[in-house]
Amino acid sequence: MLTKLINLVSKYKYFIIFLVIYGIVLYTFVPNQKKYYFDKDIKLFKEGNYLIISLILSGIILSTTLIKCILSKIKITQIFNVLFVMTFLCFSTFFMMKTTITSFFLYTNRKFVKNEFIKSYEIFAISDKKYFTAQNIHSKNDLINEEEYYKYSGEKDASSLKNGEVIAFKLKKGLFGITYFEPQ
């Protein structure tokens with residue numbers, strides 16, 4: 001019985017190593033990236049930039065594979081098989097592991113700062129000294145709530161804030177144009 005288990009583990013050791021590393025990344029790295037971004041910015045990235053970046057990277061991977069196959073003088077039927085497998089792997093990687101890949105893109109975004117700016121929000125509704133909504137001074141459709149303020153400021157309640165008060169966020173725009181901040 002033990003011999004069969006050892007044989008099984010040795011046969012699938014690389015897959016097991018991949019699963020362990022992926023599990024560590026999924027439970028430590030992925031949640032850590034969300035603390036630097038407002039939820040709406042992550043959502044905008046997933047809806048807009050993620051698909052474009054994924055398609056470009058998939059195109060680069062497939063083109064590189066095709067060139068390598070042609071230079072290796074592989075038969076045309078084998079080239080189609082290889083491209084089919086690579087297309088499936090790209091689809092699996094970029095669409096099945098969307099959360100993990102998004103976290104790596106968010107991390108990369110933070111490492112290359114394009115510019116820094118300040119966004120100001122005016123508080124227009126506070127209730128129970130805990131819940132509030134604030135509106136961007138320059139854009140009426142840009143709203144934030146207490147969760148984003150708490151994430152940015154590190155505070156636990158809004159008891160020090162008042163209606164009409166202006167709160168300012170020091171933000172940065174990264175490589176992919178995604179706005180982020182350094183938590184306090």
# chains A, B, ... in the order shown; residues from 1 in each chain; ligands from 1

$ residues_around --residues "stretch 157-160 of chain A" --least-positions-apart "2" --cutoff "10 Å" --atoms "only C-alpha atoms" --output "CSV table (one decimal) with N, CA, C and O atoms, in the first residue's frame"
chain,number,residue,atom,x,y,z
A,126,ILE,N,-24.4,60.9,6.2
A,126,ILE,CA,-23.7,60.1,7.3
A,126,ILE,C,-24.9,59.6,8.1
A,126,ILE,O,-25.8,60.3,8.5
A,127,SER,N,-24.8,58.3,8.5
A,127,SER,CA,-25.8,57.8,9.5
A,127,SER,C,-25.0,56.9,10.5
A,127,SER,O,-24.1,56.2,10.2
A,128,ASP,N,-25.5,57.0,11.7
A,128,ASP,CA,-24.9,56.3,12.8
A,128,ASP,C,-23.4,56.5,13.1
A,128,ASP,O,-22.8,55.6,13.6
A,129,LYS,N,-22.9,57.5,12.6
A,129,LYS,CA,-21.4,57.9,12.7
A,129,LYS,C,-20.6,56.7,12.2
A,129,LYS,O,-19.4,56.5,12.6
A,130,LYS,N,-21.2,55.9,11.3
A,130,LYS,CA,-20.4,54.7,10.8
A,130,LYS,C,-20.6,54.6,9.3
A,130,LYS,O,-19.6,54.2,8.6
A,131,TYR,N,-21.8,54.8,8.8
A,131,TYR,CA,-22.0,54.7,7.4
A,131,TYR,C,-22.1,56.0,6.7
A,131,TYR,O,-22.7,57.0,7.2
A,132,PHE,N,-21.5,56.1,5.5
A,132,PHE,CA,-21.6,57.4,4.8
A,132,PHE,C,-21.4,57.2,3.3
A,132,PHE,O,-20.9,56.2,2.9
A,146,GLU,N,-18.3,54.1,3.0
A,146,GLU,CA,-17.4,53.9,4.1
A,146,GLU,C,-16.4,52.8,4.0
A,146,GLU,O,-15.3,53.0,4.5
A,147,GLU,N,-16.8,51.7,3.3
A,147,GLU,CA,-15.8,50.6,3.2
A,147,GLU,C,-14.5,51.0,2.5
A,147,GLU,O,-13.4,50.7,2.9
A,149,TYR,N,-13.4,54.1,2.2
A,149,TYR,CA,-12.7,55.1,3.1
A,149,TYR,C,-11.9,54.3,4.2
A,149,TYR,O,-10.8,54.7,4.5
A,150,TYR,N,-12.6,53.4,4.8
A,150,TYR,CA,-11.9,52.6,5.8
A,150,TYR,C,-10.7,51.8,5.3
A,150,TYR,O,-9.7,51.7,5.9
A,154,GLY,N,-7.6,53.3,7.0
A,154,GLY,CA,-7.3,52.4,8.1
A,154,GLY,C,-8.2,52.6,9.4
A,154,GLY,O,-8.0,51.9,10.4
A,155,GLU,N,-9.1,53.6,9.3
A,155,GLU,CA,-9.9,53.9,10.5
A,155,GLU,C,-11.1,52.9,10.5
A,155,GLU,O,-11.4,52.2,9.6
A,162,LYS,N,-18.0,64.7,9.1
A,162,LYS,CA,-19.3,65.5,9.2
A,162,LYS,C,-19.8,65.7,7.8
A,162,LYS,O,-19.1,65.7,6.8

$ residues_around --residues "A:Leu66" --least-positions-apart "5" --cutoff "9 Å" --atoms "only C-alpha atoms" --output "JSON, numbers by chain"
{"A": [61, 71, 79, 82, 83]}

$ closest_residue --among "A:Tyr121, A:Phe112, A:Phe84, A:Tyr107" --to "A:Ile42" --atoms "only C-alpha atoms"
A:Tyr107

$ closest_residue --among "A:Thr179, A:Ser153, A:Thr108, A:Ser120" --to "A:Lys140" --atoms "only C-alpha atoms"
A:Ser120

$ residues_around --residues "A:Lys40" --least-positions-apart "6" --cutoff "10 Å" --atoms "only C-alpha atoms" --output "PDB file with N, CA, C and O atoms, in the first residue's frame"
ATOM      1  N   LYS A  46     -11.217  44.344 -14.643  1.00  0.00           N
ATOM      2  CA  LYS A  46     -11.689  43.033 -15.096  1.00  0.00           C
ATOM      3  C   LYS A  46     -12.611  43.153 -16.307  1.00  0.00           C
ATOM      4  O   LYS A  46     -12.577  42.322 -17.205  1.00  0.00           O
ATOM      5  N   ASP A 142     -19.075  59.629  -9.591  1.00  0.00           N
ATOM      6  CA  ASP A 142     -18.027  58.932  -8.843  1.00  0.00           C
ATOM      7  C   ASP A 142     -18.344  59.017  -7.355  1.00  0.00           C
ATOM      8  O   ASP A 142     -18.135  60.046  -6.723  1.00  0.00           O
ATOM      9  N   LEU A 143     -18.843  57.921  -6.797  1.00  0.00           N
ATOM     10  CA  LEU A 143     -19.223  57.866  -5.381  1.00  0.00           C
ATOM     11  C   LEU A 143     -18.354  56.850  -4.647  1.00  0.00           C
ATOM     12  O   LEU A 143     -17.908  55.862  -5.234  1.00  0.00           O
ATOM     13  N   ILE A 144     -18.147  57.101  -3.371  1.00  0.00           N
ATOM     14  CA  ILE A 144     -17.499  56.106  -2.518  1.00  0.00           C
ATOM     15  C   ILE A 144     -18.334  55.942  -1.259  1.00  0.00           C
ATOM     16  O   ILE A 144     -19.118  56.820  -0.912  1.00  0.00           O
ATOM     17  N   GLU A 148     -14.686  51.830   1.398  1.00  0.00           N
ATOM     18  CA  GLU A 148     -13.501  52.272   0.664  1.00  0.00           C
ATOM     19  C   GLU A 148     -12.702  53.287   1.480  1.00  0.00           C
ATOM     20  O   GLU A 148     -11.476  53.292   1.445  1.00  0.00           O
ATOM     21  N   THR A 179      -5.995  52.886 -11.082  1.00  0.00           N
ATOM     22  CA  THR A 179      -5.740  53.740  -9.930  1.00  0.00           C
ATOM     23  C   THR A 179      -5.591  52.877  -8.681  1.00  0.00           C
ATOM     24  O   THR A 179      -6.364  51.947  -8.448  1.00  0.00           O
TER      25      THR A 179
END

$ residues_around --residues "A:Ile167" --least-positions-apart "6" --cutoff "9 Å" --atoms "only C-alpha atoms" --output "PyMOL selection string"
chain A and resi 119-123+134+161

$ atom_distance --atom1 "atom CA of A:Ile17" --atom2 "atom CA of A:Phe105"
23.1 Å

$ select_by_dssp --residues "stretch 62-123 of chain A" --states "strand (DSSP E or B)" --output "PyMOL selection string"
chain A and resi 115-123

$ decode --residues "stretch 38-109 of chain A" --atoms "C-alpha atoms" --output "PDB file, in the first residue's frame"
ATOM      1  CA  PHE A  38     -10.876  50.380  -4.583  1.00  0.00           C
ATOM      2  CA  ASP A  39     -13.356  47.658  -5.539  1.00  0.00           C
ATOM      3  CA  LYS A  40     -14.714  49.660  -8.469  1.00  0.00           C
ATOM      4  CA  ASP A  41     -11.202  49.990  -9.976  1.00  0.00           C
ATOM      5  CA  ILE A  42     -10.674  46.219  -9.848  1.00  0.00           C
ATOM      6  CA  LYS A  43     -14.101  45.708 -11.423  1.00  0.00           C
ATOM      7  CA  LEU A  44     -13.315  48.201 -14.205  1.00  0.00           C
ATOM      8  CA  PHE A  45     -10.011  46.441 -14.886  1.00  0.00           C
ATOM      9  CA  LYS A  46     -11.689  43.033 -15.096  1.00  0.00           C
ATOM     10  CA  GLU A  47     -14.397  44.346 -17.424  1.00  0.00           C
ATOM     11  CA  GLY A  48     -12.118  46.369 -19.695  1.00  0.00           C
ATOM     12  CA  ASN A  49      -8.381  45.783 -19.698  1.00  0.00           C
ATOM     13  CA  TYR A  50      -8.222  42.142 -18.616  1.00  0.00           C
ATOM     14  CA  LEU A  51      -9.678  40.701 -21.818  1.00  0.00           C
ATOM     15  CA  ILE A  52      -7.445  42.845 -24.041  1.00  0.00           C
ATOM     16  CA  ILE A  53      -4.278  42.008 -22.101  1.00  0.00           C
ATOM     17  CA  SER A  54      -5.201  38.304 -22.045  1.00  0.00           C
ATOM     18  CA  LEU A  55      -5.797  38.222 -25.799  1.00  0.00           C
ATOM     19  CA  ILE A  56      -2.519  40.030 -26.514  1.00  0.00           C
ATOM     20  CA  LEU A  57      -0.522  37.687 -24.269  1.00  0.00           C
ATOM     21  CA  SER A  58      -2.296  34.648 -25.763  1.00  0.00           C
ATOM     22  CA  GLY A  59      -1.466  35.936 -29.266  1.00  0.00           C
ATOM     23  CA  ILE A  60       2.189  36.342 -28.316  1.00  0.00           C
ATOM     24  CA  ILE A  61       2.327  32.828 -26.837  1.00  0.00           C
ATOM     25  CA  LEU A  62       0.612  31.284 -29.876  1.00  0.00           C
ATOM     26  CA  SER A  63       2.810  33.212 -32.334  1.00  0.00           C
ATOM     27  CA  THR A  64       5.962  32.139 -30.521  1.00  0.00           C
ATOM     28  CA  THR A  65       4.767  28.535 -30.536  1.00  0.00           C
ATOM     29  CA  LEU A  66       3.954  28.703 -34.259  1.00  0.00           C
ATOM     30  CA  ILE A  67       7.363  30.179 -35.122  1.00  0.00           C
ATOM     31  CA  LYS A  68       9.117  27.531 -33.016  1.00  0.00           C
ATOM     32  CA  CYS A  69       7.147  24.771 -34.770  1.00  0.00           C
ATOM     33  CA  ILE A  70       7.953  26.152 -38.223  1.00  0.00           C
ATOM     34  CA  LEU A  71      11.666  26.526 -37.407  1.00  0.00           C
ATOM     35  CA  SER A  72      11.707  22.952 -36.047  1.00  0.00           C
ATOM     36  CA  LYS A  73      10.209  21.774 -39.386  1.00  0.00           C
ATOM     37  CA  ILE A  74       7.314  19.990 -37.736  1.00  0.00           C
ATOM     38  CA  LYS A  75       4.586  18.553 -39.996  1.00  0.00           C
ATOM     39  CA  ILE A  76       1.569  20.786 -40.609  1.00  0.00           C
ATOM     40  CA  THR A  77      -0.817  18.383 -38.861  1.00  0.00           C
ATOM     41  CA  GLN A  78       1.394  18.366 -35.763  1.00  0.00           C
ATOM     42  CA  ILE A  79       1.542  22.176 -35.855  1.00  0.00           C
ATOM     43  CA  PHE A  80      -2.273  22.315 -35.752  1.00  0.00           C
ATOM     44  CA  ASN A  81      -2.309  19.869 -32.839  1.00  0.00           C
ATOM     45  CA  VAL A  82       0.273  21.927 -30.931  1.00  0.00           C
ATOM     46  CA  LEU A  83      -1.623  25.179 -31.633  1.00  0.00           C
ATOM     47  CA  PHE A  84      -4.883  23.576 -30.513  1.00  0.00           C
ATOM     48  CA  VAL A  85      -3.298  22.461 -27.220  1.00  0.00           C
ATOM     49  CA  MET A  86      -1.651  25.875 -26.689  1.00  0.00           C
ATOM     50  CA  THR A  87      -4.952  27.645 -27.399  1.00  0.00           C
ATOM     51  CA  PHE A  88      -6.640  25.457 -24.804  1.00  0.00           C
ATOM     52  CA  LEU A  89      -3.851  26.169 -22.279  1.00  0.00           C
ATOM     53  CA  CYS A  90      -4.093  29.926 -22.888  1.00  0.00           C
ATOM     54  CA  PHE A  91      -7.875  29.794 -22.457  1.00  0.00           C
ATOM     55  CA  SER A  92      -7.499  27.759 -19.275  1.00  0.00           C
ATOM     56  CA  THR A  93      -4.825  30.006 -17.862  1.00  0.00           C
ATOM     57  CA  PHE A  94      -6.391  33.375 -18.622  1.00  0.00           C
ATOM     58  CA  PHE A  95     -10.056  32.571 -18.099  1.00  0.00           C
ATOM     59  CA  MET A  96     -10.164  29.787 -15.542  1.00  0.00           C
ATOM     60  CA  MET A  97      -7.553  31.415 -13.286  1.00  0.00           C
ATOM     61  CA  LYS A  98      -8.890  34.951 -13.749  1.00  0.00           C
ATOM     62  CA  THR A  99      -8.586  35.979 -10.087  1.00  0.00           C
ATOM     63  CA  THR A 100      -4.962  34.879  -9.798  1.00  0.00           C
ATOM     64  CA  ILE A 101      -3.906  36.393 -13.129  1.00  0.00           C
ATOM     65  CA  THR A 102      -5.743  39.628 -12.253  1.00  0.00           C
ATOM     66  CA  SER A 103      -3.786  39.791  -8.989  1.00  0.00           C
ATOM     67  CA  PHE A 104      -0.495  39.458 -10.876  1.00  0.00           C
ATOM     68  CA  PHE A 105      -1.593  42.238 -13.259  1.00  0.00           C
ATOM     69  CA  LEU A 106      -2.558  44.432 -10.284  1.00  0.00           C
ATOM     70  CA  TYR A 107       0.818  43.765  -8.677  1.00  0.00           C
ATOM     71  CA  THR A 108       2.598  44.649 -11.937  1.00  0.00           C
ATOM     72  CA  ASN A 109       0.445  47.788 -12.258  1.00  0.00           C
TER      73      ASN A 109
END
